[in-house]
Amino acid sequence: MYLNSIFSDPVRMERLGDIAQTSWLPLLEGLIQFTVPLSIISFILGLVLAILTALARISTFKVLQGIARVYVSIIRGTPLLVQLFILFYGLPSLNITIDPFPAAVIGFSLNVGAYASEVIRASILSIPKGQWEAANTIGMSYWQSLRRVILPQAARVSIPPLSNTFISLIKDTSLASLILVTEMFRIAQQIAATNYEFLLLYGQAALIYWVVCFLLSIGQGRLEHRFDRYVSR
């Protein structure tokens, strides 16, 4: 019925074409100015947090292990949207006000840190124990062994799941629209609110998300192939 109403009405078809044509630029601006920076900043900060959390999880200090376990449990056990709402709408009750973009960065970074920490921890634990022993044999300390021997090998193992995490983060940034960050999906909502063509605008946003994720998937494949060249078979 929807398609029939469009194709049977030339005026409506022309109107939709005009809306689609004028919407691409604002959507792409939202992508470049907010969605991409939000994703990159959050992923970098989350990755740093993930490494620290993973190291805490495998350390011999029970206190660090406990703190890391609680952090991962809380983040993984609660919805990302709820975390964002607590940061942006909940904290003002405690007289702590955070602007939309920083609140989104904090929320996404904490979320990435928790999930990626499990990936990094598993990657580190997947390295044979003999690698540690060999590093100790040539006089390396624990931190030297970790930095020069273990982490480089763990990085290769963790590339596929971490790449998937980043691709998922690109899509998850659409949730930032609910805390007033004017990223791409928020702009799509604003434009659709003026012309009521929700299917068209949301479809355009979905197409852009898909193209970005598709290109990232290609980059992920090439990166994995490059690292696989250094693996003996």
# chains A, B, ... in the order shown; residues from 1 in each chain; ligands from 1
$ residues_around --residues "range 45-48 of chain A" --least-positions-apart "5" --cutoff "9 Å" --atoms "only C-alpha atoms" --output "number ranges by chain"
A: 40, 53, 105-106, 108-114, 116-117, 162
$ write_last_selection --atoms "C-alpha atoms" --output "PDB file, in the first residue's frame"
ATOM      1  CA  ILE A  40      36.872   6.608  17.641  1.00  0.00           C
ATOM      2  CA  THR A  53      40.909  -4.280  33.363  1.00  0.00           C
ATOM      3  CA  VAL A 105      31.919   9.225  25.428  1.00  0.00           C
ATOM      4  CA  ILE A 106      32.001   8.116  29.065  1.00  0.00           C
ATOM      5  CA  PHE A 108      30.436   4.098  25.428  1.00  0.00           C
ATOM      6  CA  SER A 109      34.005   3.944  26.775  1.00  0.00           C
ATOM      7  CA  LEU A 110      32.909   2.153  29.926  1.00  0.00           C
ATOM      8  CA  ASN A 111      30.839  -0.250  27.861  1.00  0.00           C
ATOM      9  CA  VAL A 112      33.624  -0.994  25.384  1.00  0.00           C
ATOM     10  CA  GLY A 113      36.117  -1.350  28.232  1.00  0.00           C
ATOM     11  CA  ALA A 114      34.089  -4.052  29.948  1.00  0.00           C
ATOM     12  CA  ALA A 116      36.817  -5.700  25.270  1.00  0.00           C
ATOM     13  CA  SER A 117      38.553  -6.584  28.537  1.00  0.00           C
ATOM     14  CA  LEU A 162      37.918  -6.159  18.721  1.00  0.00           C
TER      15      LEU A 162
END
$ residues_around --residues "Ala188 in chain A" --least-positions-apart "2" --cutoff "7 Å" --atoms "only C-alpha atoms" --output "PyMOL selection string"
chain A and resi 27+184-186+190-192+201-202+205
$ atom_distance --atom1 "CA of Val119 in chain A" --atom2 "CA of Leu81 in chain A"
22.0 Å
$ select_by_dssp --residues "range 59-107 of chain A" --states "helix (DSSP H, G or I)" --output "PyMOL selection string"
chain A and resi 62-76+80-94+100-107
$ residues_around --residues "Asn136 in chain A" --least-positions-apart "4" --cutoff "12 Å" --atoms "only C-alpha atoms" --output "ChimeraX atom specification"
/A:129-132,140-146,148-150
$ write_last_selection --atoms "N, CA, C and O atoms" --output "compact mmCIF listing (two decimals), in the first residue's frame"
# COMPACT_ATOMS: atom_id res chain seq x y z
N LYS A 129 51.90 -21.11 27.86
CA LYS A 129 52.69 -20.79 29.05
C LYS A 129 54.18 -20.81 28.76
O LYS A 129 54.97 -20.11 29.41
N GLY A 130 54.58 -21.58 27.76
CA GLY A 130 55.99 -21.66 27.40
C GLY A 130 56.56 -20.33 26.95
O GLY A 130 57.77 -20.10 27.08
N GLN A 131 55.71 -19.45 26.43
CA GLN A 131 56.17 -18.12 26.01
C GLN A 131 56.61 -17.30 27.23
O GLN A 131 57.62 -16.59 27.17
N TRP A 132 55.84 -17.42 28.31
CA TRP A 132 56.23 -16.74 29.55
C TRP A 132 57.56 -17.31 30.07
O TRP A 132 58.45 -16.57 30.47
N MET A 140 63.92 -11.59 31.26
CA MET A 140 62.89 -10.55 31.21
C MET A 140 62.06 -10.56 32.48
O MET A 140 61.75 -11.63 33.03
N SER A 141 61.68 -9.37 32.92
CA SER A 141 60.76 -9.25 34.05
C SER A 141 59.34 -9.54 33.58
O SER A 141 59.09 -9.74 32.39
N TYR A 142 58.41 -9.56 34.55
CA TYR A 142 57.01 -9.83 34.21
C TYR A 142 56.49 -8.81 33.21
O TYR A 142 55.86 -9.18 32.20
N TRP A 143 56.74 -7.52 33.46
CA TRP A 143 56.21 -6.47 32.60
C TRP A 143 56.92 -6.44 31.26
O TRP A 143 56.31 -6.15 30.23
N GLN A 144 58.22 -6.76 31.23
CA GLN A 144 58.93 -6.85 29.96
C GLN A 144 58.39 -8.01 29.13
O GLN A 144 58.21 -7.87 27.91
N SER A 145 58.13 -9.13 29.77
CA SER A 145 57.58 -10.30 29.06
C SER A 145 56.21 -9.97 28.50
O SER A 145 55.88 -10.31 27.36
N LEU A 146 55.43 -9.27 29.30
CA LEU A 146 54.08 -8.92 28.87
C LEU A 146 54.13 -7.97 27.68
O LEU A 146 53.40 -8.15 26.69
N ARG A 148 56.75 -7.17 25.54
CA ARG A 148 57.52 -7.53 24.37
C ARG A 148 57.15 -8.88 23.76
O ARG A 148 57.39 -9.11 22.57
N VAL A 149 56.57 -9.75 24.55
CA VAL A 149 56.31 -11.10 24.07
C VAL A 149 54.82 -11.43 24.02
O VAL A 149 54.29 -11.85 22.99
N ILE A 150 54.13 -11.22 25.13
CA ILE A 150 52.76 -11.70 25.26
C ILE A 150 51.76 -10.80 24.53
O ILE A 150 50.96 -11.27 23.72
